[in-house]
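Novice: Okay, so here is work22.pdb, and as you'll see once you scroll down, it has PDB, C-alpha atoms.
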ATOM      1  CA  MET N  28     199.728 128.476  17.799
ATOM      2  CA  TYR N  29     201.765 131.074  16.040
ATOM      3  CA  GLY N  30     201.951 128.900  12.923
ATOM      4  CA  LYS N  31     198.149 128.585  12.693
ATOM      5  CA  SER N  32     197.643 132.339  13.083
ATOM      6  CA  SER N  33     200.237 132.982  10.390
ATOM      7  CA  THR N  34     198.500 130.544   8.029
ATOM      8  CA  ARG N  35     195.106 132.172   8.599
ATOM      9  CA  ALA N  36     196.582 135.612   7.992
ATOM     10  CA  ARG N  37     198.114 134.446   4.724
ATOM     11  CA  LEU N  38     194.842 132.873   3.573
ATOM     12  CA  LEU N  39     192.966 136.069   4.467
ATOM     13  CA  LEU N  40     195.474 138.179   2.570
ATOM     14  CA  LEU N  41     195.252 135.840  -0.431
ATOM     15  CA  GLY N  42     191.467 136.104  -0.387
ATOM     16  CA  ILE N  43     191.629 139.893  -0.330
ATOM     17  CA  GLN N  44     194.048 139.905  -3.246
ATOM     18  CA  LEU N  45     191.879 137.520  -5.290
ATOM     19  CA  ALA N  46     188.809 139.627  -4.580
ATOM     20  CA  ALA N  47     190.655 142.716  -5.767
ATOM     21  CA  LEU N  48     191.726 140.982  -8.976
ATOM     22  CA  TRP N  49     188.279 139.423  -9.667
ATOM     23  CA  PRO N  50     186.246 141.586 -12.102
ATOM     24  CA  THR N  51     183.148 143.261 -10.757
ATOM     25  CA  ALA N  52     180.027 141.410 -11.904
ATOM     26  CA  ALA N  53     177.507 143.525 -13.809
ATOM     27  CA  VAL N  54     174.217 142.907 -15.580
ATOM     28  CA  GLU N  55     174.165 143.933 -19.239
ATOM     29  CA  ILE N  56     170.858 145.418 -20.441
ATOM     30  CA  TYR N  57     169.671 145.438 -24.072
ATOM     31  CA  THR N  58     166.741 147.537 -25.374
ATOM     32  CA  SER N  59     165.536 149.013 -28.662
ATOM     33  CA  ARG N  60     166.556 152.490 -27.369
ATOM     34  CA  VAL N  61     164.044 154.262 -29.659
ATOM     35  CA  LEU N  62     160.487 153.124 -30.330
ATOM     36  CA  GLU N  63     157.535 154.602 -32.233
ATOM     37  CA  ALA N  64     153.933 153.447 -31.822
ATOM     38  CA  VAL N  65     150.459 154.613 -32.833
ATOM     39  CA  ASN N  66     148.101 156.238 -30.362
ATOM     40  CA  GLY N  67     145.493 153.829 -28.977
ATOM     41  CA  THR N  68     147.467 150.668 -29.782
ATOM     42  CA  ASP N  69     149.439 148.296 -27.532
ATOM     43  CA  VAL N  70     153.232 148.161 -27.516
ATOM     44  CA  ARG N  71     155.838 145.753 -26.170
ATOM     45  CA  LEU N  72     158.715 147.402 -24.328
ATOM     46  CA  LYS N  73     161.460 144.876 -24.945
ATOM     47  CA  CYS N  74     164.239 144.514 -22.383
ATOM     48  CA  THR N  75     166.673 141.596 -22.336
ATOM     49  CA  PHE N  76     169.745 141.082 -20.206
ATOM     50  CA  SER N  77     172.829 138.953 -19.648
ATOM     51  CA  SER N  78     174.327 137.952 -16.311
ATOM     52  CA  PHE N  79     177.272 135.869 -15.122
ATOM     53  CA  ALA N  80     175.248 134.568 -12.194
ATOM     54  CA  PRO N  81     172.485 131.993 -12.727
ATOM     55  CA  VAL N  82     168.984 133.412 -12.659
ATOM     56  CA  GLY N  83     167.173 132.624  -9.410
ATOM     57  CA  ASP N  84     164.527 133.900  -7.042
ATOM     58  CA  ALA N  85     166.715 136.867  -6.126
ATOM     59  CA  LEU N  86     166.209 138.414  -9.574
ATOM     60  CA  THR N  87     164.397 141.769  -9.591
ATOM     61  CA  VAL N  88     163.185 143.905 -12.486
ATOM     62  CA  THR N  89     162.153 147.541 -12.098
ATOM     63  CA  TRP N  90     160.524 149.680 -14.784
ATOM     64  CA  ASN N  91     160.200 153.454 -14.377
ATOM     65  CA  PHE N  92     159.077 156.340 -16.579
ATOM     66  CA  ARG N  93     160.350 159.875 -17.158
ATOM     67  CA  PRO N  94     157.828 162.109 -18.981
ATOM     68  CA  GLN N  95     159.020 163.880 -22.103
ATOM     69  CA  ASP N  96     157.849 167.246 -20.842
ATOM     70  CA  GLY N  97     159.721 166.800 -17.563
ATOM     71  CA  GLY N  98     158.530 166.004 -14.095
ATOM     72  CA  ALA N  99     159.225 163.397 -11.461
ATOM     73  CA  GLU N 100     160.074 159.811 -12.356
ATOM     74  CA  GLN N 101     157.059 157.485 -12.118
ATOM     75  CA  PHE N 102     156.771 153.823 -11.191
ATOM     76  CA  VAL N 103     155.649 151.517 -14.016
ATOM     77  CA  PHE N 104     156.238 147.888 -12.999
ATOM     78  CA  TYR N 105     158.139 145.639 -10.607
ATOM     79  CA  TYR N 106     158.985 141.936 -10.793
ATOM     80  CA  HIS N 107     160.378 139.704  -8.050
ATOM     81  CA  VAL N 108     159.334 136.050  -8.371
ATOM     82  CA  ASP N 109     155.866 137.409  -9.194
ATOM     83  CA  PRO N 110     154.833 140.525 -11.157
ATOM     84  CA  PHE N 111     153.618 143.583  -9.228
ATOM     85  CA  ARG N 112     151.446 145.990 -11.196
ATOM     86  CA  PRO N 113     150.966 149.638 -10.220
ATOM     87  CA  MET N 114     147.929 150.169  -8.003
ATOM     88  CA  SER N 115     147.478 153.800  -9.025
ATOM     89  CA  GLY N 116     148.702 156.374 -11.484
ATOM     90  CA  ARG N 117     148.643 156.557 -15.265
ATOM     91  CA  PHE N 118     149.797 152.956 -15.739
ATOM     92  CA  LYS N 119     147.178 151.317 -13.537
ATOM     93  CA  ASP N 120     145.498 148.428 -15.439
ATOM     94  CA  ARG N 121     147.573 149.290 -18.522
ATOM     95  CA  VAL N 122     150.789 147.321 -18.038
ATOM     96  CA  VAL N 123     151.402 143.560 -17.817
ATOM     97  CA  TRP N 124     154.447 141.318 -17.507
ATOM     98  CA  ASP N 125     155.613 139.818 -20.813
ATOM     99  CA  GLY N 126     159.060 138.580 -19.808
ATOM    100  CA  ASN N 127     160.684 135.256 -19.059
ATOM    101  CA  PRO N 128     163.653 135.324 -16.626
ATOM    102  CA  GLU N 129     164.791 131.868 -17.733
ATOM    103  CA  ARG N 130     165.286 133.345 -21.202
ATOM    104  CA  TYR N 131     166.796 136.548 -19.799
ATOM    105  CA  ASP N 132     163.767 138.541 -20.887
ATOM    106  CA  ALA N 133     162.372 141.355 -18.714
ATOM    107  CA  SER N 134     159.891 142.870 -21.186
ATOM    108  CA  ILE N 135     156.477 144.363 -20.430
ATOM    109  CA  LEU N 136     153.344 145.189 -22.441
ATOM    110  CA  LEU N 137     151.824 148.665 -22.345
ATOM    111  CA  TRP N 138     148.165 148.874 -23.382
ATOM    112  CA  LYS N 139     146.115 151.668 -24.967
ATOM    113  CA  LEU N 140     148.869 154.152 -25.673
ATOM    114  CA  GLN N 141     148.192 157.830 -25.044
ATOM    115  CA  PHE N 142     150.076 160.895 -26.213
ATOM    116  CA  ASP N 143     151.140 161.671 -22.655
ATOM    117  CA  ASP N 144     152.954 158.307 -22.617
ATOM    118  CA  ASN N 145     155.725 160.003 -24.597
ATOM    119  CA  GLY N 146     158.966 159.819 -22.660
ATOM    120  CA  THR N 147     161.767 157.540 -21.531
ATOM    121  CA  TYR N 148     161.150 154.130 -19.983
ATOM    122  CA  THR N 149     163.954 152.594 -17.925
ATOM    123  CA  CYS N 150     164.544 148.903 -17.297
ATOM    124  CA  GLN N 151     166.761 147.900 -14.366
ATOM    125  CA  VAL N 152     167.649 144.273 -13.688
ATOM    126  CA  LYS N 153     169.458 142.964 -10.614
ATOM    127  CA  ASN N 154     170.544 139.354 -10.341
ATOM    128  CA  PRO N 155     172.637 138.997  -7.166
ATOM    129  CA  PRO N 156     175.552 138.962  -6.971
ATOM    130  CA  ASP N 157     175.285 140.808 -10.317
ATOM    131  CA  VAL N 158     173.722 144.041  -9.122
ATOM    132  CA  ASP N 159     175.735 146.666 -10.964
ATOM    133  CA  GLY N 160     175.427 147.804 -14.549
ATOM    134  CA  LEU N 161     173.805 150.459 -16.690
ATOM    135  CA  VAL N 162     170.048 150.929 -16.769
ATOM    136  CA  GLY N 163     168.388 150.175 -20.113
ATOM    137  CA  GLU N 164     166.367 152.985 -21.708
ATOM    138  CA  ILE N 165     163.634 153.166 -24.346
ATOM    139  CA  ARG N 166     162.544 156.541 -25.724
ATOM    140  CA  LEU N 167     158.917 156.067 -26.766
ATOM    141  CA  SER N 168     157.173 158.366 -29.248
ATOM    142  CA  VAL N 169     153.387 158.060 -29.548
ATOM    143  CA  VAL N 170     152.183 159.288 -32.962
ATOM    144  CA  HIS N 171     149.020 159.450 -35.062
ATOM    145  CA  THR N 172     150.475 157.188 -37.741
ATOM    146  CA  VAL N 173     153.783 155.373 -38.038
ATOM    147  CA  ARG N 174     156.206 157.015 -40.468
ATOM    148  CA  PHE N 175     157.512 154.855 -43.284
ATOM    149  CA  SER N 176     161.060 153.706 -42.789
ATOM    150  CA  GLU N 177     163.539 152.732 -45.480
ATOM    151  CA  ILE N 178     162.568 149.096 -44.971
ATOM    152  CA  HIS N 179     158.910 149.962 -45.545
ATOM    153  CA  PHE N 180     159.774 151.863 -48.732
ATOM    154  CA  LEU N 181     161.922 148.943 -49.931
ATOM    155  CA  ALA N 182     159.133 146.455 -49.216
ATOM    156  CA  LEU N 183     156.648 148.721 -51.018
ATOM    157  CA  ALA N 184     158.973 149.032 -54.028
ATOM    158  CA  ILE N 185     159.504 145.265 -54.206
ATOM    159  CA  GLY N 186     155.776 144.637 -53.843
ATOM    160  CA  SER N 187     154.981 147.162 -56.581
ATOM    161  CA  ALA N 188     157.583 145.619 -58.914
ATOM    162  CA  CYS N 189     156.134 142.154 -58.306
ATOM    163  CA  ALA N 190     152.628 143.462 -58.993
ATOM    164  CA  VAL N 191     153.785 145.039 -62.268
ATOM    165  CA  MET N 192     155.502 141.803 -63.346
ATOM    166  CA  VAL N 193     152.400 139.754 -62.552
ATOM    167  CA  THR N 194     150.249 142.247 -64.501
ATOM    168  CA  ILE N 195     152.583 142.043 -67.522
ATOM    169  CA  VAL N 196     152.491 138.234 -67.452
ATOM    170  CA  ILE N 197     148.685 138.242 -67.282
ATOM    171  CA  VAL N 198     148.455 140.720 -70.159
ATOM    172  CA  VAL N 199     150.826 138.632 -72.317
ATOM    173  CA  VAL N 200     148.940 135.415 -71.569
ATOM    174  CA  LEU N 201     145.594 137.048 -72.369
ATOM    175  CA  PHE N 202     147.005 138.555 -75.563
ATOM    176  CA  GLN N 203     148.291 135.149 -76.711
ATOM    177  CA  HIS N 204     144.964 133.561 -75.827
ATOM    178  CA  PHE N 205     142.871 136.088 -77.755
ATOM    179  CA  ARG N 206     145.272 136.003 -80.719
ATOM    180  CA  LYS N 207     144.992 132.215 -80.930
ATOM    181  CA  LYS N 208     141.235 132.494 -80.570
ATOM    182  CA  ARG N 209     141.078 135.067 -83.376
ATOM    183  CA  TRP N 210     143.211 132.899 -85.676
ATOM    184  CA  ALA N 211     140.983 129.928 -84.879
ATOM    185  CA  GLU N 212     137.888 131.971 -85.752
ATOM    186  CA  ARG N 213     139.475 133.078 -89.030
ATOM    187  CA  ALA N 214     140.410 129.487 -89.908
ATOM    188  CA  HIS N 215     136.881 128.386 -89.121
ATOM    189  CA  LYS N 216     135.444 131.088 -91.395
ATOM    190  CA  VAL N 217     137.771 130.026 -94.218
ATOM    191  CA  VAL N 218     136.597 126.436 -93.868
ATOM    192  CA  GLU N 219     132.966 127.583 -93.912
ATOM    193  CA  ILE N 220     133.549 129.669 -97.063
ATOM    194  CA  LYS N 221     135.231 126.751 -98.802
ATOM    195  CA  SER N 222     132.399 124.452 -97.789
ATOM    196  CA  LYS N 223     129.806 126.858 -99.167
ATOM    197  CA  GLU N 224     131.727 127.210-102.433
ATOM    198  CA  GLU N 225     131.926 123.425-102.759
ATOM    199  CA  GLU N 226     128.206 123.135-102.083
ATOM    200  CA  ARG N 227     127.539 125.815-104.710
ATOM    201  CA  LEU N 228     129.743 124.070-107.259
ATOM    202  CA  ASN N 229     128.354 120.571-106.663
ATOM    203  CA  PRO N 230     124.872 121.275-108.186
ATOM    204  CA  GLU N 231     126.505 122.795-111.275
ATOM    205  CA  GLN N 232     128.662 119.692-111.697
ATOM    206  CA  LYS N 233     125.594 117.439-111.302
ATOM    207  CA  VAL N 234     123.706 119.385-113.993
ATOM    208  CA  SER N 235     126.613 119.129-116.438
ATOM    209  CA  VAL N 236     126.935 115.405-115.813
ATOM    210  CA  TYR N 237     123.178 114.948-116.368
ATOM    211  CA  LEU N 238     123.296 116.842-119.643
ATOM    212  CA  GLU N 239     126.218 114.763-120.857
ATOM    213  CA  ASP N 240     124.384 111.570-119.969
ATOM    214  CA  THR N 241     121.197 112.626-121.747
ATOM    215  CA  GLY N 242     123.089 113.866-124.777
TER
END
Would you kindly transcribe this structure into structure tokens?
Specialist:
Amino acid sequence: MYGKSSTRARLLLLGIQLAALWPTAAVEIYTSRVLEAVNGTDVRLKCTFSSFAPVGDALTVTWNFRPQDGGAEQFVFYYHVDPFRPMSGRFKDRVVWDGNPERYDASILLWKLQFDDNGTYTCQVKNPPDVDGLVGEIRLSVVHTVRFSEIHFLALAIGSACAVMVTIVIVVVLFQHFRKKRWAERAHKVVEIKSKEEERLNPEQKVSVYLEDTG
């Protein structure tokens, strides 16, 4: 009896020690952090995650919003097996689920952006037993027009250079074509002049031959 109790105590102690040494599971969240979109358009708030535990029906995704000008945090979207849209508030009928848990994607779509949508959107994913971890954030700026980034300027520069090269090639080809055409016209005129001179000389030769014959 004493031996069994001692064995159980040792197993319990070993379990406690292993639990203490085992690293705490946490969900890692990945977002774009900063996003800019044009007023009146739709935007995808991308949120992906990684988890040590397999994704199952226990997975939950919660999206919230903190206005840029301050104020209380607002509910945006909730997912647990099925998506749950907000029934009231600014995001009613303006947000839809665009994620795929099997691909570790917890993104949403926000429709018809407004200037008062400026603020920070938070994405929290829990996948038991992975329930800890930092909350992902996206700072959204709604603008009249999207500012050009360095990539846009680079693409514009490359496009302009290509357009200039194409224009130069076209100009060279056209120049060669018209030059050849002009030379052909000149050659044709020379042939015509020679033909006319030969025609003019032929009657004179015929007259001289006739006179020689009659003489």
Novice: Measure the distance from atom CA of Leu161 of chain N to atom CA of Pro94 of chain N in Å and round it to one decimal.
Specialist: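 Between these atoms lies a distance of 19.9 Å.
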Novice: Nearest to Tyr106 of chain N: which of N:Trp210, N:Trp124, N:Phe92, N:Phe118 is it, counting only C-alpha atoms?
Specialist: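 The closest residue to Tyr106 of chain N is N:Trp124.
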Novice: Pick the closest to Arg71 of chain N from N:His171, N:Arg130, N:Arg112, N:Lys139: which is it, counting all atoms listed in the file?
Specialist: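 Of N:His171, N:Arg130, N:Arg112, N:Lys139, the one nearest Arg71 of chain N is N:Lys139, counting all atoms listed in the file.
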Novice: Of the candidates N:Leu136, N:Met114, N:Val122, N:Val108, which one gets nearest to Leu72 of chain N if we count all atoms listed in the file?
Specialist: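 When distances to Leu72 of chain N are compared using all atoms listed in the file, the smallest one comes from N:Leu136.
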Novice: Given the file above and the PyMOL selection byres ((chain N and resi 89) around 12), which residues are selected, and can you give them as a VMD selection string?
Specialist: chain N and resid 74 86 to 88 90 to 92 101 to 107 110 to 113 124 133 to 135 148 to 154 162 to 164
Novice: Taking all atoms of segment 143-160 of chain N that the file lists and extending 6 Å past them on each side, where is the centre of the axis-aligned box and how long are its edges? Answer in Å to one decimal, as AutoDock Vina command-line options.
Specialist:
--center_x 163.4 --center_y 150.3 --center_z -15.8 --size_x 36.6 --size_y 34.7 --size_z 29.6
Novice: Have a look at N:Asn127, N:Thr172, N:Gln95, N:Gln203 and name the one nearest to Gly146 of chain N; count only C-alpha atoms.
Specialist: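 Closest to Gly146 of chain N, using only C-alpha atoms: N:Gln95.
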Novice: Starting from the incomplete input, reconstruct all heavy atoms of segment 77-88 of chain N and write that as a PDB file, in the frame of the given file.
Specialist:
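The resulting file, rebuild.pdb, is shown below:
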ATOM      1  N   SER N  77     171.878 140.046 -19.817  1.00  0.00           N
ATOM      2  CA  SER N  77     172.829 138.953 -19.648  1.00  0.00           C
ATOM      3  C   SER N  77     173.462 139.090 -18.273  1.00  0.00           C
ATOM      4  O   SER N  77     173.655 140.202 -17.771  1.00  0.00           O
ATOM      5  CB  SER N  77     173.897 138.992 -20.738  1.00  0.00           C
ATOM      6  OG  SER N  77     174.661 140.187 -20.660  1.00  0.00           O
ATOM      7  N   SER N  78     173.784 137.951 -17.663  1.00  0.00           N
ATOM      8  CA  SER N  78     174.327 137.952 -16.311  1.00  0.00           C
ATOM      9  C   SER N  78     175.250 136.758 -16.135  1.00  0.00           C
ATOM     10  O   SER N  78     174.989 135.677 -16.670  1.00  0.00           O
ATOM     11  CB  SER N  78     173.194 137.900 -15.277  1.00  0.00           C
ATOM     12  OG  SER N  78     173.699 137.781 -13.969  1.00  0.00           O
ATOM     13  N   PHE N  79     176.350 136.965 -15.401  1.00  0.00           N
ATOM     14  CA  PHE N  79     177.272 135.869 -15.122  1.00  0.00           C
ATOM     15  C   PHE N  79     176.669 134.893 -14.114  1.00  0.00           C
ATOM     16  O   PHE N  79     176.943 133.701 -14.149  1.00  0.00           O
ATOM     17  CB  PHE N  79     178.601 136.414 -14.591  1.00  0.00           C
ATOM     18  CG  PHE N  79     179.421 137.112 -15.642  1.00  0.00           C
ATOM     19  CD1 PHE N  79     179.453 138.489 -15.713  1.00  0.00           C
ATOM     20  CD2 PHE N  79     180.142 136.383 -16.574  1.00  0.00           C
ATOM     21  CE1 PHE N  79     180.197 139.140 -16.687  1.00  0.00           C
ATOM     22  CE2 PHE N  79     180.895 137.019 -17.553  1.00  0.00           C
ATOM     23  CZ  PHE N  79     180.915 138.402 -17.610  1.00  0.00           C
ATOM     24  N   ALA N  80     175.854 135.409 -13.226  1.00  0.00           N
ATOM     25  CA  ALA N  80     175.248 134.568 -12.194  1.00  0.00           C
ATOM     26  C   ALA N  80     174.006 133.873 -12.737  1.00  0.00           C
ATOM     27  O   ALA N  80     173.289 134.432 -13.578  1.00  0.00           O
ATOM     28  CB  ALA N  80     174.881 135.416 -10.985  1.00  0.00           C
ATOM     29  N   PRO N  81     173.708 132.670 -12.294  1.00  0.00           N
ATOM     30  CA  PRO N  81     172.485 131.993 -12.727  1.00  0.00           C
ATOM     31  C   PRO N  81     171.246 132.729 -12.216  1.00  0.00           C
ATOM     32  O   PRO N  81     171.254 133.300 -11.122  1.00  0.00           O
ATOM     33  CB  PRO N  81     172.610 130.600 -12.092  1.00  0.00           C
ATOM     34  CG  PRO N  81     173.554 130.778 -10.942  1.00  0.00           C
ATOM     35  CD  PRO N  81     174.515 131.843 -11.360  1.00  0.00           C
ATOM     36  N   VAL N  82     170.217 132.723 -13.030  1.00  0.00           N
ATOM     37  CA  VAL N  82     168.984 133.412 -12.659  1.00  0.00           C
ATOM     38  C   VAL N  82     168.247 132.602 -11.595  1.00  0.00           C
ATOM     39  O   VAL N  82     168.009 131.411 -11.753  1.00  0.00           O
ATOM     40  CB  VAL N  82     168.085 133.621 -13.884  1.00  0.00           C
ATOM     41  CG1 VAL N  82     166.753 134.235 -13.476  1.00  0.00           C
ATOM     42  CG2 VAL N  82     168.787 134.493 -14.916  1.00  0.00           C
ATOM     43  N   GLY N  83     167.877 133.282 -10.513  1.00  0.00           N
ATOM     44  CA  GLY N  83     167.173 132.624  -9.410  1.00  0.00           C
ATOM     45  C   GLY N  83     166.083 133.508  -8.845  1.00  0.00           C
ATOM     46  O   GLY N  83     165.674 134.505  -9.464  1.00  0.00           O
ATOM     47  N   ASP N  84     165.614 133.151  -7.673  1.00  0.00           N
ATOM     48  CA  ASP N  84     164.527 133.900  -7.042  1.00  0.00           C
ATOM     49  C   ASP N  84     164.949 135.292  -6.581  1.00  0.00           C
ATOM     50  O   ASP N  84     164.095 136.120  -6.240  1.00  0.00           O
ATOM     51  CB  ASP N  84     163.979 133.118  -5.836  1.00  0.00           C
ATOM     52  CG  ASP N  84     163.264 131.845  -6.264  1.00  0.00           C
ATOM     53  OD1 ASP N  84     162.909 131.748  -7.456  1.00  0.00           O
ATOM     54  OD2 ASP N  84     163.077 130.952  -5.410  1.00  0.00           O
ATOM     55  N   ALA N  85     166.240 135.552  -6.560  1.00  0.00           N
ATOM     56  CA  ALA N  85     166.715 136.867  -6.126  1.00  0.00           C
ATOM     57  C   ALA N  85     166.606 137.916  -7.234  1.00  0.00           C
ATOM     58  O   ALA N  85     166.796 139.110  -6.976  1.00  0.00           O
ATOM     59  CB  ALA N  85     168.160 136.777  -5.641  1.00  0.00           C
ATOM     60  N   LEU N  86     166.296 137.484  -8.451  1.00  0.00           N
ATOM     61  CA  LEU N  86     166.209 138.414  -9.574  1.00  0.00           C
ATOM     62  C   LEU N  86     165.101 139.442  -9.353  1.00  0.00           C
ATOM     63  O   LEU N  86     163.997 139.102  -8.947  1.00  0.00           O
ATOM     64  CB  LEU N  86     165.933 137.643 -10.864  1.00  0.00           C
ATOM     65  CG  LEU N  86     165.702 138.508 -12.104  1.00  0.00           C
ATOM     66  CD1 LEU N  86     167.030 138.992 -12.661  1.00  0.00           C
ATOM     67  CD2 LEU N  86     164.929 137.731 -13.166  1.00  0.00           C
ATOM     68  N   THR N  87     165.402 140.706  -9.650  1.00  0.00           N
ATOM     69  CA  THR N  87     164.397 141.769  -9.591  1.00  0.00           C
ATOM     70  C   THR N  87     164.463 142.594 -10.871  1.00  0.00           C
ATOM     71  O   THR N  87     165.535 142.794 -11.444  1.00  0.00           O
ATOM     72  CB  THR N  87     164.605 142.696  -8.385  1.00  0.00           C
ATOM     73  OG1 THR N  87     165.886 143.345  -8.491  1.00  0.00           O
ATOM     74  CG2 THR N  87     164.518 141.929  -7.086  1.00  0.00           C
ATOM     75  N   VAL N  88     163.295 143.046 -11.308  1.00  0.00           N
ATOM     76  CA  VAL N  88     163.185 143.905 -12.486  1.00  0.00           C
ATOM     77  C   VAL N  88     162.349 145.124 -12.107  1.00  0.00           C
ATOM     78  O   VAL N  88     161.255 144.978 -11.560  1.00  0.00           O
ATOM     79  CB  VAL N  88     162.525 143.167 -13.669  1.00  0.00           C
ATOM     80  CG1 VAL N  88     162.389 144.105 -14.873  1.00  0.00           C
ATOM     81  CG2 VAL N  88     163.317 141.925 -14.043  1.00  0.00           C
TER      82      VAL N  88
END
